[in-house]
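Source file structure_5.pdb; content: PDB, C-alpha atoms, pLDDT in the B column.
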```
MODEL        1
ATOM      1  CA  MET A 160      -3.346 -23.258   8.657  1.00 43.00           C
ATOM      2  CA  GLU A 161      -3.838 -26.943   9.260  1.00 46.00           C
ATOM      3  CA  THR A 162      -1.723 -29.197  11.481  1.00 45.00           C
ATOM      4  CA  ARG A 163       1.356 -29.217   9.260  1.00 57.00           C
ATOM      5  CA  ASP A 164       4.086 -26.631   9.663  1.00 76.00           C
ATOM      6  CA  SER A 165       2.955 -23.279   8.217  1.00 74.00           C
ATOM      7  CA  ALA A 166       6.224 -22.841   6.289  1.00 79.00           C
ATOM      8  CA  ALA A 167       5.727 -26.204   4.586  1.00 84.00           C
ATOM      9  CA  ILE A 168       2.145 -25.306   3.689  1.00 81.00           C
ATOM     10  CA  LEU A 169       3.266 -21.951   2.322  1.00 83.00           C
ATOM     11  CA  GLU A 170       5.958 -23.639   0.263  1.00 89.00           C
ATOM     12  CA  GLU A 171       3.401 -26.045  -1.164  1.00 91.00           C
ATOM     13  CA  LEU A 172       0.999 -23.196  -1.938  1.00 90.00           C
ATOM     14  CA  TYR A 173       3.796 -21.211  -3.562  1.00 93.00           C
ATOM     15  CA  ARG A 174       4.765 -24.121  -5.798  1.00 95.00           C
ATOM     16  CA  SER A 175       1.139 -24.719  -6.717  1.00 95.00           C
ATOM     17  CA  HIS A 176      -0.062 -21.157  -7.260  1.00 96.00           C
ATOM     18  CA  ALA A 177       2.837 -18.710  -7.715  1.00 96.00           C
ATOM     19  CA  GLU A 178       2.790 -18.951 -11.491  1.00 97.00           C
ATOM     20  CA  ASP A 179      -0.975 -18.350 -11.607  1.00 97.00           C
ATOM     21  CA  VAL A 180      -0.741 -15.415  -9.193  1.00 97.00           C
ATOM     22  CA  PHE A 181       2.062 -13.936 -11.304  1.00 97.00           C
ATOM     23  CA  ARG A 182       0.048 -14.281 -14.527  1.00 97.00           C
ATOM     24  CA  PHE A 183      -2.984 -12.724 -12.845  1.00 97.00           C
ATOM     25  CA  SER A 184      -0.843  -9.832 -11.565  1.00 96.00           C
ATOM     26  CA  LEU A 185       0.642  -9.379 -15.027  1.00 96.00           C
ATOM     27  CA  TYR A 186      -2.863  -9.341 -16.513  1.00 96.00           C
ATOM     28  CA  LEU A 187      -3.877  -6.603 -14.045  1.00 95.00           C
ATOM     29  CA  SER A 188      -0.799  -4.433 -14.259  1.00 93.00           C
ATOM     30  CA  GLY A 189       0.790  -5.144 -17.639  1.00 92.00           C
ATOM     31  CA  ASN A 190       4.133  -4.632 -15.897  1.00 92.00           C
ATOM     32  CA  TRP A 191       6.544  -7.542 -15.423  1.00 94.00           C
ATOM     33  CA  VAL A 192       8.442  -6.060 -12.458  1.00 94.00           C
ATOM     34  CA  LEU A 193       5.310  -4.913 -10.649  1.00 94.00           C
ATOM     35  CA  SER A 194       3.821  -8.372 -11.185  1.00 95.00           C
ATOM     36  CA  GLN A 195       6.834  -9.969  -9.527  1.00 96.00           C
ATOM     37  CA  ASP A 196       6.485  -7.599  -6.573  1.00 96.00           C
ATOM     38  CA  LEU A 197       2.752  -8.242  -6.297  1.00 96.00           C
ATOM     39  CA  THR A 198       3.295 -11.994  -6.406  1.00 97.00           C
ATOM     40  CA  SER A 199       5.887 -12.021  -3.644  1.00 96.00           C
ATOM     41  CA  GLU A 200       3.887  -9.608  -1.492  1.00 96.00           C
ATOM     42  CA  THR A 201       0.769 -11.731  -1.988  1.00 96.00           C
ATOM     43  CA  PHE A 202       2.454 -14.753  -0.459  1.00 94.00           C
ATOM     44  CA  VAL A 203       3.907 -12.699   2.385  1.00 93.00           C
ATOM     45  CA  ARG A 204       0.428 -11.380   3.189  1.00 94.00           C
ATOM     46  CA  ALA A 205      -1.058 -14.862   3.016  1.00 91.00           C
ATOM     47  CA  TRP A 206       1.610 -16.196   5.352  1.00 87.00           C
ATOM     48  CA  THR A 207       1.244 -13.384   7.900  1.00 89.00           C
ATOM     49  CA  ALA A 208      -2.573 -13.280   7.810  1.00 86.00           C
ATOM     50  CA  SER A 209      -4.326 -13.591  11.139  1.00 82.00           C
ATOM     51  CA  VAL A 210      -6.950 -15.899   9.628  1.00 81.00           C
ATOM     52  CA  PRO A 211      -5.972 -19.531   8.982  1.00 79.00           C
ATOM     53  CA  LEU A 212      -5.585 -20.254   5.279  1.00 77.00           C
ATOM     54  CA  GLN A 213      -7.888 -22.916   3.848  1.00 80.00           C
ATOM     55  CA  THR A 214      -5.990 -24.853   1.221  1.00 78.00           C
ATOM     56  CA  SER A 215      -9.215 -25.664  -0.644  1.00 84.00           C
ATOM     57  CA  THR A 216      -9.890 -21.961  -1.343  1.00 88.00           C
ATOM     58  CA  ALA A 217      -6.287 -20.775  -1.405  1.00 92.00           C
ATOM     59  CA  LYS A 218      -6.110 -19.815  -5.082  1.00 95.00           C
ATOM     60  CA  GLY A 219      -9.103 -17.472  -4.895  1.00 95.00           C
ATOM     61  CA  TYR A 220      -7.791 -16.012  -1.655  1.00 95.00           C
ATOM     62  CA  LEU A 221      -4.366 -15.390  -3.204  1.00 96.00           C
ATOM     63  CA  PHE A 222      -5.966 -13.755  -6.253  1.00 97.00           C
ATOM     64  CA  ALA A 223      -8.005 -11.484  -3.969  1.00 96.00           C
ATOM     65  CA  ILE A 224      -4.849 -10.434  -2.113  1.00 96.00           C
ATOM     66  CA  ALA A 225      -3.018  -9.780  -5.409  1.00 97.00           C
ATOM     67  CA  ARG A 226      -5.937  -7.748  -6.756  1.00 96.00           C
ATOM     68  CA  ASN A 227      -6.154  -5.632  -3.596  1.00 95.00           C
ATOM     69  CA  LEU A 228      -2.412  -5.044  -3.610  1.00 96.00           C
ATOM     70  CA  TYR A 229      -2.608  -3.952  -7.241  1.00 95.00           C
ATOM     71  CA  LEU A 230      -5.490  -1.585  -6.528  1.00 94.00           C
ATOM     72  CA  ASP A 231      -3.518  -0.075  -3.639  1.00 92.00           C
ATOM     73  CA  SER A 232      -0.321   0.328  -5.685  1.00 88.00           C
ATOM     74  CA  PRO A 233       0.499   3.735  -7.197  1.00 81.00           C
ATOM     75  CA  ARG A 234      -0.026   4.072 -10.941  1.00 74.00           C
ATOM     76  CA  PRO A 235       2.543   5.654 -13.288  1.00 69.00           C
ATOM     77  CA  GLY A 236       2.296   9.424 -13.095  1.00 65.00           C
ATOM     78  CA  GLN A 237       0.268   9.255  -9.912  1.00 65.00           C
ATOM     79  CA  ARG A 238       1.544  11.171  -6.915  1.00 55.00           C
ATOM     80  CA  PRO A 239       2.161   9.144  -3.775  1.00 52.00           C
ATOM     81  CA  GLN A 240      -0.713   9.380  -1.336  1.00 55.00           C
ATOM     82  CA  ARG A 241      -0.207  11.384   1.796  1.00 52.00           C
ATOM     83  CA  GLU A 242      -1.078  10.013   5.152  1.00 51.00           C
ATOM     84  CA  ARG A 243      -4.556  11.049   6.138  1.00 57.00           C
ATOM     85  CA  SER A 244      -3.774  11.547   9.801  1.00 57.00           C
ATOM     86  CA  VAL A 245      -1.385  14.439   9.221  1.00 55.00           C
ATOM     87  CA  SER A 246      -2.546  17.542  11.018  1.00 56.00           C
ATOM     88  CA  LEU A 247      -1.241  20.955  10.140  1.00 54.00           C
ATOM     89  CA  PRO A 248      -0.333  23.384  12.901  1.00 58.00           C
ATOM     90  CA  ALA A 249      -2.680  26.279  13.396  1.00 59.00           C
ATOM     91  CA  ALA A 250      -1.688  29.481  11.642  1.00 57.00           C
ATOM     92  CA  PRO A 251      -0.089  31.919  14.053  1.00 60.00           C
ATOM     93  CA  THR A 252      -2.146  34.982  14.825  1.00 61.00           C
ATOM     94  CA  ALA A 253      -0.400  38.314  14.849  1.00 58.00           C
ATOM     95  CA  SER A 254      -0.716  40.330  18.005  1.00 65.00           C
ATOM     96  CA  PHE A 255      -2.178  43.821  17.936  1.00 65.00           C
ATOM     97  CA  GLU A 256       1.290  45.354  18.307  1.00 71.00           C
ATOM     98  CA  ILE A 257       2.663  43.505  15.302  1.00 68.00           C
ATOM     99  CA  GLN A 258      -0.332  44.510  13.200  1.00 68.00           C
ATOM    100  CA  GLU A 259       0.254  48.165  14.176  1.00 73.00           C
ATOM    101  CA  GLU A 260       3.910  47.924  13.196  1.00 73.00           C
ATOM    102  CA  LEU A 261       2.965  46.413   9.817  1.00 67.00           C
ATOM    103  CA  VAL A 262       0.577  49.281   9.133  1.00 72.00           C
ATOM    104  CA  GLN A 263       3.354  51.792   9.859  1.00 75.00           C
ATOM    105  CA  THR A 264       5.951  49.988   7.704  1.00 70.00           C
ATOM    106  CA  PRO A 265       6.687  51.782   4.423  1.00 69.00           C
ATOM    107  CA  ASP A 266       5.156  50.052   1.388  1.00 67.00           C
ATOM    108  CA  ASP A 267       8.501  49.369  -0.271  1.00 61.00           C
ATOM    109  CA  LEU A 268       9.597  47.217   2.722  1.00 64.00           C
ATOM    110  CA  LYS A 269       6.448  45.102   2.938  1.00 54.00           C
TER     111      LYS A 269
ENDMDL
END
```
Take the structure in the file and give it back as structure tokens.
Amino acid sequence: METRDSAAILEELYRSHAEDVFRFSLYLSGNWVLSQDLTSETFVRAWTASVPLQTSTAKGYLFAIARNLYLDSPRPGQRPQRERSVSLPAAPTASFEIQEELVQTPDDLK
């Protein structure tokens, strides 16, 4: 952000664009509560971004953040996504002795 304090710039951006970001989020989602969440998260993301925010293009940038947050949000009836880095343990292999015991086990106990 520019030379002014980042909190003051964020406050100014919030006052200028929060209503528009909310309406855009409501247009995307059709859900009042989700739109409030998207709006607040949009400004948090803008404030914590590693790239300096240009006030001249702030509205488009905020809309892009809101849109991406909406696209990443779960839809009603949609199962939460699992983490992709989860690895399952390998299935245990039965030793030869255990396999022999299973073969000799009566069918009603298997």
- Matched chain/residue IDs from the PyMOL selection byres ((chain A and resi 211) around 12), as a list in words: Met160, Glu161, Thr162, Ser165, Ile168, Leu169, Arg204, Ala205, Trp206, Thr207, Ala208, Ser209, Val210, Leu212, Gln213, Thr214, Ser215, Thr216, Ala217 and Tyr220 of chain A
- Item | Nearest to Ser188 in chain A, chosen from A:Ala223, A:Glu256, A:Ser232, A:Gln263, with only C-alpha atoms counted in the distances | A:Ser232
- Task: Around the point (3.5, -8.4, -16.1), in the coordinates given by the file, pick out the residues reaching within 12 Å, counting all atoms listed in the file, and return them as a ChimeraX atom specification.
- Result: /A:178-198,229
- Separation of CA of Asp231 in chain A from CA of Phe202 in chain A, in Å and rounded to one decimal: 16.2 Å
Missing atoms of range 220-236 of chain A rebuilt to N, CA and C atoms, written as a PDB file, in the coordinates of the input:
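Dumped everything to out23.pdb:
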```pdb
ATOM      1  N   TYR A 220      -8.263 -16.906  -2.708  1.00 95.00           N
ATOM      2  CA  TYR A 220      -7.791 -16.012  -1.655  1.00 95.00           C
ATOM      3  C   TYR A 220      -6.521 -15.278  -2.094  1.00 95.00           C
ATOM      4  N   LEU A 221      -5.608 -16.001  -2.716  1.00 96.00           N
ATOM      5  CA  LEU A 221      -4.366 -15.390  -3.204  1.00 96.00           C
ATOM      6  C   LEU A 221      -4.651 -14.381  -4.312  1.00 96.00           C
ATOM      7  N   PHE A 222      -5.588 -14.703  -5.199  1.00 97.00           N
ATOM      8  CA  PHE A 222      -5.966 -13.755  -6.253  1.00 97.00           C
ATOM      9  C   PHE A 222      -6.583 -12.492  -5.653  1.00 97.00           C
ATOM     10  N   ALA A 223      -7.389 -12.654  -4.617  1.00 96.00           N
ATOM     11  CA  ALA A 223      -8.005 -11.484  -3.969  1.00 96.00           C
ATOM     12  C   ALA A 223      -6.936 -10.597  -3.338  1.00 96.00           C
ATOM     13  N   ILE A 224      -5.949 -11.210  -2.703  1.00 96.00           N
ATOM     14  CA  ILE A 224      -4.849 -10.434  -2.113  1.00 96.00           C
ATOM     15  C   ILE A 224      -4.091  -9.690  -3.214  1.00 96.00           C
ATOM     16  N   ALA A 225      -3.761 -10.403  -4.301  1.00 97.00           N
ATOM     17  CA  ALA A 225      -3.018  -9.780  -5.409  1.00 97.00           C
ATOM     18  C   ALA A 225      -3.810  -8.620  -6.010  1.00 97.00           C
ATOM     19  N   ARG A 226      -5.102  -8.817  -6.195  1.00 96.00           N
ATOM     20  CA  ARG A 226      -5.937  -7.748  -6.756  1.00 96.00           C
ATOM     21  C   ARG A 226      -5.949  -6.529  -5.834  1.00 96.00           C
ATOM     22  N   ASN A 227      -6.126  -6.753  -4.546  1.00 95.00           N
ATOM     23  CA  ASN A 227      -6.154  -5.632  -3.596  1.00 95.00           C
ATOM     24  C   ASN A 227      -4.815  -4.918  -3.533  1.00 95.00           C
ATOM     25  N   LEU A 228      -3.736  -5.671  -3.588  1.00 96.00           N
ATOM     26  CA  LEU A 228      -2.412  -5.044  -3.610  1.00 96.00           C
ATOM     27  C   LEU A 228      -2.242  -4.199  -4.869  1.00 96.00           C
ATOM     28  N   TYR A 229      -2.700  -4.715  -6.000  1.00 95.00           N
ATOM     29  CA  TYR A 229      -2.608  -3.952  -7.241  1.00 95.00           C
ATOM     30  C   TYR A 229      -3.424  -2.670  -7.149  1.00 95.00           C
ATOM     31  N   LEU A 230      -4.633  -2.768  -6.637  1.00 94.00           N
ATOM     32  CA  LEU A 230      -5.490  -1.585  -6.528  1.00 94.00           C
ATOM     33  C   LEU A 230      -4.905  -0.547  -5.577  1.00 94.00           C
ATOM     34  N   ASP A 231      -4.149  -0.998  -4.589  1.00 92.00           N
ATOM     35  CA  ASP A 231      -3.518  -0.075  -3.639  1.00 92.00           C
ATOM     36  C   ASP A 231      -2.181   0.469  -4.125  1.00 92.00           C
ATOM     37  N   SER A 232      -1.639  -0.100  -5.206  1.00 88.00           N
ATOM     38  CA  SER A 232      -0.321   0.328  -5.685  1.00 88.00           C
ATOM     39  C   SER A 232      -0.460   1.608  -6.489  1.00 88.00           C
ATOM     40  N   PRO A 233       0.556   2.498  -6.411  1.00 81.00           N
ATOM     41  CA  PRO A 233       0.499   3.735  -7.197  1.00 81.00           C
ATOM     42  C   PRO A 233       0.629   3.440  -8.688  1.00 81.00           C
ATOM     43  N   ARG A 234      -0.080   4.203  -9.488  1.00 74.00           N
ATOM     44  CA  ARG A 234      -0.026   4.072 -10.941  1.00 74.00           C
ATOM     45  C   ARG A 234       1.047   5.009 -11.491  1.00 74.00           C
ATOM     46  N   PRO A 235       1.566   4.739 -12.686  1.00 69.00           N
ATOM     47  CA  PRO A 235       2.543   5.654 -13.288  1.00 69.00           C
ATOM     48  C   PRO A 235       1.956   7.058 -13.421  1.00 69.00           C
ATOM     49  N   GLY A 236       2.734   8.040 -13.014  1.00 65.00           N
ATOM     50  CA  GLY A 236       2.296   9.424 -13.095  1.00 65.00           C
ATOM     51  C   GLY A 236       1.417   9.853 -11.940  1.00 65.00           C
TER      52      GLY A 236
END
```
